[in-house]
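Raw run.csv, CSV, C-alpha atoms and all ligand atoms:
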chain,number,residue,atom,x,y,z
A,115,MET,CA,173.0,246.2,-78.3
A,116,VAL,CA,170.2,243.9,-79.5
A,117,GLU,CA,172.5,240.9,-79.9
A,118,LEU,CA,173.5,241.2,-76.2
A,119,GLU,CA,169.9,241.5,-75.1
A,120,LYS,CA,169.1,238.3,-77.1
A,121,LYS,CA,172.0,236.5,-75.5
A,122,ILE,CA,171.0,237.6,-72.0
A,123,VAL,CA,167.4,236.3,-72.6
A,124,SER,CA,168.6,233.0,-74.1
A,125,GLU,CA,171.6,232.2,-71.9
A,126,GLY,CA,171.2,234.3,-68.7
A,127,GLU,CA,169.9,232.9,-65.5
A,128,VAL,CA,168.3,235.0,-62.8
A,129,LEU,CA,169.5,233.9,-59.4
A,130,PRO,CA,168.1,234.9,-56.0
A,131,GLY,CA,169.3,238.3,-54.7
A,132,ASN,CA,169.0,240.1,-58.1
A,133,VAL,CA,172.0,238.4,-59.5
A,134,LEU,CA,172.1,237.6,-63.2
A,135,LYS,CA,174.4,234.7,-64.2
A,136,VAL,CA,176.0,234.9,-67.6
A,137,GLY,CA,178.6,232.3,-67.2
A,138,SER,CA,178.2,230.9,-70.7
A,139,PHE,CA,179.5,233.9,-72.6
A,140,LEU,CA,181.1,236.4,-70.1
A,141,ASN,CA,181.7,235.3,-66.6
A,142,GLN,CA,183.2,231.8,-66.8
A,143,MET,CA,183.2,230.7,-70.4
A,144,ILE,CA,184.0,233.6,-72.7
A,145,ASP,CA,182.4,233.9,-76.2
A,146,VAL,CA,185.4,235.5,-77.6
A,147,ASP,CA,183.9,236.7,-80.9
A,148,PHE,CA,180.9,238.1,-79.1
A,149,VAL,CA,182.9,239.9,-76.4
A,150,MET,CA,185.1,241.4,-79.2
A,151,LYS,CA,181.9,242.8,-80.7
A,152,MET,CA,181.0,244.4,-77.4
A,153,GLY,CA,184.5,246.0,-77.3
A,154,LYS,CA,183.9,247.4,-80.8
A,155,GLU,CA,180.6,248.9,-79.6
A,156,ILE,CA,182.3,250.5,-76.7
A,157,ALA,CA,185.1,251.8,-78.8
A,158,ASP,CA,182.6,253.4,-81.2
A,159,LEU,CA,180.8,255.1,-78.3
A,160,PHE,CA,183.9,256.7,-77.0
A,161,SER,CA,185.8,257.2,-80.2
A,162,ALA,CA,185.8,261.0,-79.9
A,163,ASP,CA,187.1,261.1,-76.3
A,164,GLY,CA,190.8,260.8,-76.7
A,165,VAL,CA,190.9,257.8,-74.4
A,166,THR,CA,194.5,256.8,-73.4
A,167,LYS,CA,193.8,254.0,-71.0
A,168,ILE,CA,191.0,251.6,-70.0
A,169,LEU,CA,190.6,250.9,-66.3
A,170,THR,CA,188.7,247.9,-64.9
A,171,VAL,CA,188.7,245.7,-61.8
A,172,GLU,CA,189.7,242.1,-61.7
A,173,SER,CA,188.5,239.6,-62.6
A,174,SER,CA,185.2,239.7,-64.3
A,175,GLY,CA,185.7,243.1,-65.9
A,176,ILE,CA,188.9,242.1,-67.7
A,177,ALA,CA,187.4,240.4,-70.7
A,178,VAL,CA,185.2,243.3,-71.8
A,179,ALA,CA,187.9,245.8,-70.9
A,180,PHE,CA,190.4,243.8,-73.0
A,181,SER,CA,188.1,243.8,-76.0
A,182,ALA,CA,187.5,247.5,-75.8
A,183,GLY,CA,191.2,248.1,-75.5
A,184,ALA,CA,191.9,245.9,-78.5
A,185,SER,CA,189.4,248.0,-80.6
A,186,MET,CA,190.7,251.4,-79.3
A,187,HIS,CA,194.4,250.4,-79.3
A,188,VAL,CA,195.0,251.6,-75.8
A,189,PRO,CA,196.4,249.7,-72.8
A,190,VAL,CA,194.1,248.1,-70.3
A,191,VAL,CA,194.8,248.4,-66.6
A,192,PHE,CA,193.0,246.3,-64.1
A,193,ALA,CA,192.7,247.1,-60.4
A,194,LYS,CA,193.7,244.1,-58.3
A,195,LYS,CA,191.8,243.1,-55.3
A,196,ASN,CA,194.3,243.1,-52.4
A,197,LYS,CA,194.4,240.1,-50.3
A,198,THR,CA,195.9,241.9,-47.3
A,199,SER,CA,195.4,245.4,-45.9
A,200,ASN,CA,199.0,246.1,-46.5
A,201,ILE,CA,198.9,249.0,-49.0
A,202,ASN,CA,202.2,250.5,-49.8
A,203,SER,CA,202.9,254.0,-51.1
A,204,SER,CA,203.5,252.8,-54.6
A,205,CYS,CA,199.8,252.1,-55.2
A,206,TYR,CA,196.6,254.0,-55.4
A,207,SER,CA,193.9,252.2,-53.4
A,208,SER,CA,190.2,252.4,-52.7
A,209,VAL,CA,187.7,250.3,-50.7
A,210,VAL,CA,184.8,248.8,-52.7
A,211,HIS,CA,181.8,247.0,-51.5
A,212,SER,CA,181.2,243.9,-53.6
A,213,PHE,CA,177.6,243.4,-54.7
A,214,THR,CA,178.0,239.7,-55.4
A,215,HIS,CA,180.1,238.7,-52.4
A,216,GLY,CA,178.6,241.2,-49.9
A,217,ASN,CA,182.0,242.2,-48.4
A,218,ASP,CA,184.4,245.1,-48.7
A,219,SER,CA,187.6,244.7,-50.6
A,220,VAL,CA,190.6,247.0,-51.2
A,221,ILE,CA,191.4,247.5,-54.9
A,222,ILE,CA,194.8,248.7,-55.8
A,223,VAL,CA,196.5,250.1,-58.9
A,224,SER,CA,200.3,250.6,-59.2
A,225,LYS,CA,201.2,254.3,-59.5
A,226,ASP,CA,203.3,253.2,-62.5
A,227,TYR,CA,200.2,252.6,-64.7
A,228,LEU,CA,198.1,255.7,-64.2
A,229,SER,CA,199.0,259.3,-64.3
A,230,SER,CA,197.7,262.8,-64.7
A,231,ASP,CA,198.3,262.6,-68.4
A,232,ASP,CA,195.7,259.9,-68.8
A,233,ARG,CA,192.2,260.1,-70.2
A,234,VAL,CA,190.6,257.0,-68.7
A,235,LEU,CA,187.6,255.0,-69.8
A,236,LEU,CA,186.2,252.9,-66.9
A,237,VAL,CA,184.9,249.5,-68.1
A,238,ASP,CA,183.1,246.7,-66.2
A,239,ASP,CA,181.0,243.7,-67.0
A,240,PHE,CA,178.1,244.6,-64.7
A,241,LEU,CA,176.8,247.8,-63.2
A,242,ALA,CA,174.5,247.5,-60.2
A,243,ASN,CA,174.9,249.9,-57.3
A,244,GLY,CA,177.9,251.6,-58.8
A,245,ASN,CA,180.4,250.8,-56.1
A,246,ALA,CA,183.0,249.3,-58.4
A,247,LEU,CA,182.9,252.3,-60.7
A,248,ARG,CA,183.1,254.7,-57.8
A,249,GLY,CA,186.2,252.9,-56.5
A,250,LEU,CA,187.8,253.2,-59.9
A,251,LEU,CA,186.8,256.9,-60.1
A,252,ASP,CA,188.4,257.4,-56.7
A,253,ILE,CA,191.6,255.8,-58.1
A,254,CYS,CA,191.6,258.1,-61.2
A,255,GLY,CA,191.1,261.0,-58.8
A,256,GLN,CA,194.2,260.0,-56.8
A,257,ALA,CA,196.2,259.7,-60.0
A,258,GLY,CA,195.0,263.1,-61.2
A,259,ALA,CA,193.8,261.3,-64.4
A,260,TYR,CA,190.6,262.4,-66.2
A,261,ALA,CA,187.8,259.9,-66.4
A,262,VAL,CA,185.9,260.4,-69.7
A,263,GLY,CA,183.1,258.1,-68.7
A,264,ALA,CA,182.2,254.5,-68.1
A,265,ALA,CA,181.1,251.6,-70.3
A,266,CYS,CA,179.5,248.5,-68.9
A,267,ALA,CA,178.2,245.5,-70.7
A,268,ILE,CA,175.1,244.9,-68.6
A,269,GLU,CA,173.5,247.5,-66.3
A,270,LYS,CA,170.8,246.5,-63.9
A,271,GLY,CA,168.8,249.7,-64.1
A,272,PHE,CA,166.6,248.8,-61.1
A,273,GLN,CA,169.7,249.2,-59.0
A,274,LYS,CA,170.6,252.9,-59.1
A,275,GLY,CA,174.3,253.0,-59.6
A,276,GLY,CA,174.2,254.0,-63.3
A,277,ASP,CA,171.4,256.6,-62.9
A,278,SER,CA,173.0,258.2,-59.9
A,279,LEU,CA,176.3,258.6,-61.7
A,280,ARG,CA,174.5,260.1,-64.7
A,281,ALA,CA,172.6,262.5,-62.4
A,282,GLU,CA,176.0,263.7,-61.2
A,283,GLY,CA,177.0,264.5,-64.9
A,284,PHE,CA,179.2,261.5,-65.4
A,285,ARG,CA,178.8,259.7,-68.7
A,286,VAL,CA,177.8,256.1,-68.3
A,287,GLU,CA,177.0,253.9,-71.4
A,288,SER,CA,175.7,250.4,-71.0
A,289,LEU,CA,175.3,247.9,-73.9
A,290,ALA,CA,172.1,246.5,-72.3
A,291,ILE,CA,170.1,247.9,-69.5
A,292,ILE,CA,167.8,245.6,-67.6
A,293,GLU,CA,164.8,247.4,-66.2
A,294,SER,CA,163.5,244.5,-64.2
A,295,MET,CA,164.0,240.8,-63.8
A,296,ASP,CA,161.2,239.9,-61.4
A,297,ASP,CA,160.2,236.2,-61.3
A,298,GLY,CA,163.0,235.5,-63.8
A,299,ARG,CA,161.4,237.6,-66.6
A,300,ILE,CA,163.9,240.0,-68.0
A,301,VAL,CA,162.6,243.3,-69.3
A,302,PHE,CA,165.0,245.8,-70.9
A,303,ARG,CA,165.0,249.6,-70.7
A,304,ARG,CA,163.8,251.4,-73.9
B,1,LIG,P1,178.3,247.5,-58.3
B,1,LIG,O1,179.6,247.8,-57.7
B,1,LIG,O2,177.9,248.4,-59.4
B,1,LIG,O3,177.2,247.3,-57.2
B,1,LIG,O4,178.4,246.0,-58.9
B,1,LIG,C1,179.2,245.8,-60.0
B,1,LIG,C2,180.1,244.6,-59.8
B,1,LIG,O5,179.5,243.5,-59.1
B,1,LIG,C3,180.6,244.1,-61.1
B,1,LIG,O6,182.0,244.2,-61.1
B,1,LIG,C4,180.2,242.7,-61.2
B,1,LIG,O7,181.4,241.8,-61.2
B,1,LIG,C5,179.4,242.4,-59.9
B,1,LIG,N1,178.0,242.2,-60.2
B,1,LIG,C6,177.0,243.0,-59.9
B,1,LIG,N2,175.8,242.5,-60.2
B,1,LIG,C7,176.0,241.4,-60.8
B,1,LIG,C8,175.2,240.4,-61.4
B,1,LIG,O8,174.0,240.4,-61.4
B,1,LIG,N3,175.8,239.3,-62.0
B,1,LIG,C9,177.2,239.2,-62.0
B,1,LIG,N4,177.7,238.1,-62.6
B,1,LIG,N5,178.0,240.1,-61.5
B,1,LIG,C10,177.4,241.2,-60.9

Please re-express this file's structure in structure tokens.
Ligand code: 5GP
Amino acid sequence: MVELEKKIVSEGEVLPGNVLKVGSFLNQMIDVDFVMKMGKEIADLFSADGVTKILTVESSGIAVAFSAGASMHVPVVFAKKNKTSNINSSCYSSVVHSFTHGNDSVIIVSKDYLSSDDRVLLVDDFLANGNALRGLLDICGQAGAYAVGAACAIEKGFQKGGDSLRAEGFRVESLAIIESMDDGRIVFRR
């Protein structure tokens, strides 16, 4: 998505540790019109897949997931990061290693909101090592739901999460793929 690439270049900030900050349109302030356009792109990519639900993880995935859900007219479920290790039997849960925080957290989804009848599209803001998507896939598996694929706004292609999922035959679409961002210079995959 050319417009997203332009926005990344003009507004993004490369932080130490291979972190890209996009607080001005996605991660703290939300450029609503622009995020809705990203949702429309995602909806177009998966229009033939019979998606019944979108699944993301709180909190930064919610804006993109919401916009995709609004375009596809399907509900958006977000996995919650559990504050305690108290998981009860009414939830699906998975352990996810956080790239940005460097810790493990348990993500949970109530069994009420995902079932074996669902065809699920996974959505997130960033794709790095793929741990968040794999946690969401694990939850789909527990629910017996079918995951049709994943859509991410920004993939850091130099971290191998997206490519390893693709190599396993799982469909992953990213609206912008960053090939490198060494010394603050952002280069996109072509
Ligand atoms: P993964 O699980 O694929 O390693 O990382 C994806 C998750 O980590 C996303 O949910 C996102 O919130 C966060 N993340 C990974 N890399 C970045 C980054 O460069 N910038 C920001 N803002 N978040 C990131």

Taking all atoms listed in the file into account, name the residue in A:Asn245, A:Ser161, A:Ser138, A:Asn217 that is nearest to ligand LIG 1 (chain B).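 So, comparing all the options, the nearest one is A:Asn245.
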
As a ChimeraX atom specification, please: the residues near A:Asp145 (cut-off 12 Å, only C-alpha atoms, same-chain neighbours under 5 positions excluded). /A:118,121,125,136-140,150-152,177-178,181

Contacts to ligand LIG 1 (chain B) at 9 Å cut-off (only C-alpha atoms and all ligand atoms) as a count of residues only: 42

What's around A:Ser230 at 6 Å? Count all atoms listed in the file, leave out sequence neighbours fewer than 2 positions away in its own chain, and write the answer as number ranges by chain. A: 232, 257-259

Print the selection's residues with C-alpha atoms to a file, as a PDB file, keeping the file's coordinate frame.
ATOM      1  CA  ASP A 232     195.700 259.900 -68.800  1.00  0.00           C
ATOM      2  CA  ALA A 257     196.200 259.700 -60.000  1.00  0.00           C
ATOM      3  CA  GLY A 258     195.000 263.100 -61.200  1.00  0.00           C
ATOM      4  CA  ALA A 259     193.800 261.300 -64.400  1.00  0.00           C
TER       5      ALA A 259
END

Figure out the distance between atom CA of A:Val262 and atom CA of A:Val149, please, to one decimal in Å. 21.8 Å

Residue rebuild result stretch 237-261 of chain A, N, CA, C and O atoms as a PDB file, in the coordinates of the input:
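selection_6.pdb was written with the following content:
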ATOM      1  N   VAL A 237     185.646 250.541 -67.460  1.00  0.00           N
ATOM      2  CA  VAL A 237     184.900 249.500 -68.100  1.00  0.00           C
ATOM      3  C   VAL A 237     184.596 248.380 -67.074  1.00  0.00           C
ATOM      4  O   VAL A 237     185.453 248.055 -66.256  1.00  0.00           O
ATOM      5  N   ASP A 238     183.385 247.831 -67.111  1.00  0.00           N
ATOM      6  CA  ASP A 238     183.100 246.700 -66.200  1.00  0.00           C
ATOM      7  C   ASP A 238     182.067 245.789 -66.921  1.00  0.00           C
ATOM      8  O   ASP A 238     181.419 246.201 -67.888  1.00  0.00           O
ATOM      9  N   ASP A 239     181.951 244.575 -66.419  1.00  0.00           N
ATOM     10  CA  ASP A 239     181.000 243.700 -67.000  1.00  0.00           C
ATOM     11  C   ASP A 239     179.551 244.029 -66.568  1.00  0.00           C
ATOM     12  O   ASP A 239     178.645 244.125 -67.384  1.00  0.00           O
ATOM     13  N   PHE A 240     179.364 244.285 -65.267  1.00  0.00           N
ATOM     14  CA  PHE A 240     178.100 244.600 -64.700  1.00  0.00           C
ATOM     15  C   PHE A 240     178.095 245.952 -64.017  1.00  0.00           C
ATOM     16  O   PHE A 240     179.116 246.326 -63.432  1.00  0.00           O
ATOM     17  N   LEU A 241     176.952 246.629 -64.034  1.00  0.00           N
ATOM     18  CA  LEU A 241     176.800 247.800 -63.200  1.00  0.00           C
ATOM     19  C   LEU A 241     175.522 247.622 -62.384  1.00  0.00           C
ATOM     20  O   LEU A 241     174.434 247.384 -62.922  1.00  0.00           O
ATOM     21  N   ALA A 242     175.690 247.664 -61.071  1.00  0.00           N
ATOM     22  CA  ALA A 242     174.500 247.500 -60.200  1.00  0.00           C
ATOM     23  C   ALA A 242     174.389 248.716 -59.301  1.00  0.00           C
ATOM     24  O   ALA A 242     173.757 249.679 -59.716  1.00  0.00           O
ATOM     25  N   ASN A 243     175.017 248.739 -58.143  1.00  0.00           N
ATOM     26  CA  ASN A 243     174.900 249.900 -57.300  1.00  0.00           C
ATOM     27  C   ASN A 243     175.973 250.977 -57.547  1.00  0.00           C
ATOM     28  O   ASN A 243     175.950 252.058 -56.953  1.00  0.00           O
ATOM     29  N   GLY A 244     176.907 250.643 -58.401  1.00  0.00           N
ATOM     30  CA  GLY A 244     177.900 251.600 -58.800  1.00  0.00           C
ATOM     31  C   GLY A 244     179.143 251.676 -57.929  1.00  0.00           C
ATOM     32  O   GLY A 244     180.013 252.530 -58.121  1.00  0.00           O
ATOM     33  N   ASN A 245     179.266 250.752 -56.971  1.00  0.00           N
ATOM     34  CA  ASN A 245     180.400 250.800 -56.100  1.00  0.00           C
ATOM     35  C   ASN A 245     181.743 250.564 -56.769  1.00  0.00           C
ATOM     36  O   ASN A 245     182.749 251.218 -56.480  1.00  0.00           O
ATOM     37  N   ALA A 246     181.749 249.607 -57.685  1.00  0.00           N
ATOM     38  CA  ALA A 246     183.000 249.300 -58.400  1.00  0.00           C
ATOM     39  C   ALA A 246     183.439 250.523 -59.218  1.00  0.00           C
ATOM     40  O   ALA A 246     184.610 250.926 -59.164  1.00  0.00           O
ATOM     41  N   LEU A 247     182.492 251.134 -59.941  1.00  0.00           N
ATOM     42  CA  LEU A 247     182.900 252.300 -60.700  1.00  0.00           C
ATOM     43  C   LEU A 247     183.326 253.454 -59.850  1.00  0.00           C
ATOM     44  O   LEU A 247     184.290 254.153 -60.173  1.00  0.00           O
ATOM     45  N   ARG A 248     182.659 253.641 -58.718  1.00  0.00           N
ATOM     46  CA  ARG A 248     183.100 254.700 -57.800  1.00  0.00           C
ATOM     47  C   ARG A 248     184.473 254.491 -57.249  1.00  0.00           C
ATOM     48  O   ARG A 248     185.262 255.419 -57.063  1.00  0.00           O
ATOM     49  N   GLY A 249     184.798 253.230 -56.986  1.00  0.00           N
ATOM     50  CA  GLY A 249     186.200 252.900 -56.500  1.00  0.00           C
ATOM     51  C   GLY A 249     187.179 253.230 -57.599  1.00  0.00           C
ATOM     52  O   GLY A 249     188.247 253.803 -57.316  1.00  0.00           O
ATOM     53  N   LEU A 250     186.851 252.894 -58.841  1.00  0.00           N
ATOM     54  CA  LEU A 250     187.800 253.200 -59.900  1.00  0.00           C
ATOM     55  C   LEU A 250     187.902 254.691 -60.171  1.00  0.00           C
ATOM     56  O   LEU A 250     188.993 255.202 -60.462  1.00  0.00           O
ATOM     57  N   LEU A 251     186.779 255.394 -60.003  1.00  0.00           N
ATOM     58  CA  LEU A 251     186.800 256.900 -60.100  1.00  0.00           C
ATOM     59  C   LEU A 251     187.697 257.474 -59.045  1.00  0.00           C
ATOM     60  O   LEU A 251     188.449 258.423 -59.299  1.00  0.00           O
ATOM     61  N   ASP A 252     187.599 256.913 -57.847  1.00  0.00           N
ATOM     62  CA  ASP A 252     188.400 257.400 -56.700  1.00  0.00           C
ATOM     63  C   ASP A 252     189.909 257.222 -57.084  1.00  0.00           C
ATOM     64  O   ASP A 252     190.726 258.133 -56.877  1.00  0.00           O
ATOM     65  N   ILE A 253     190.226 256.078 -57.679  1.00  0.00           N
ATOM     66  CA  ILE A 253     191.600 255.800 -58.100  1.00  0.00           C
ATOM     67  C   ILE A 253     192.079 256.798 -59.141  1.00  0.00           C
ATOM     68  O   ILE A 253     193.190 257.338 -59.089  1.00  0.00           O
ATOM     69  N   CYS A 254     191.213 257.066 -60.126  1.00  0.00           N
ATOM     70  CA  CYS A 254     191.600 258.100 -61.200  1.00  0.00           C
ATOM     71  C   CYS A 254     191.829 259.417 -60.495  1.00  0.00           C
ATOM     72  O   CYS A 254     192.785 260.120 -60.863  1.00  0.00           O
ATOM     73  N   GLY A 255     190.971 259.764 -59.531  1.00  0.00           N
ATOM     74  CA  GLY A 255     191.100 261.000 -58.800  1.00  0.00           C
ATOM     75  C   GLY A 255     192.493 261.114 -58.138  1.00  0.00           C
ATOM     76  O   GLY A 255     193.197 262.126 -58.205  1.00  0.00           O
ATOM     77  N   GLN A 256     192.881 260.033 -57.481  1.00  0.00           N
ATOM     78  CA  GLN A 256     194.200 260.000 -56.800  1.00  0.00           C
ATOM     79  C   GLN A 256     195.340 260.186 -57.760  1.00  0.00           C
ATOM     80  O   GLN A 256     196.363 260.792 -57.439  1.00  0.00           O
ATOM     81  N   ALA A 257     195.147 259.630 -58.972  1.00  0.00           N
ATOM     82  CA  ALA A 257     196.200 259.700 -60.000  1.00  0.00           C
ATOM     83  C   ALA A 257     196.193 261.070 -60.705  1.00  0.00           C
ATOM     84  O   ALA A 257     197.116 261.376 -61.467  1.00  0.00           O
ATOM     85  N   GLY A 258     195.128 261.827 -60.501  1.00  0.00           N
ATOM     86  CA  GLY A 258     195.000 263.100 -61.200  1.00  0.00           C
ATOM     87  C   GLY A 258     194.596 262.824 -62.695  1.00  0.00           C
ATOM     88  O   GLY A 258     194.698 263.713 -63.545  1.00  0.00           O
ATOM     89  N   ALA A 259     194.145 261.598 -62.990  1.00  0.00           N
ATOM     90  CA  ALA A 259     193.800 261.300 -64.400  1.00  0.00           C
ATOM     91  C   ALA A 259     192.313 261.720 -64.593  1.00  0.00           C
ATOM     92  O   ALA A 259     191.522 261.801 -63.660  1.00  0.00           O
ATOM     93  N   TYR A 260     191.981 262.006 -65.855  1.00  0.00           N
ATOM     94  CA  TYR A 260     190.600 262.400 -66.200  1.00  0.00           C
ATOM     95  C   TYR A 260     189.805 261.238 -66.628  1.00  0.00           C
ATOM     96  O   TYR A 260     190.185 260.544 -67.570  1.00  0.00           O
ATOM     97  N   ALA A 261     188.681 260.998 -65.977  1.00  0.00           N
ATOM     98  CA  ALA A 261     187.800 259.900 -66.400  1.00  0.00           C
ATOM     99  C   ALA A 261     186.777 260.418 -67.374  1.00  0.00           C
ATOM    100  O   ALA A 261     185.957 261.288 -67.040  1.00  0.00           O
TER     101      ALA A 261
END
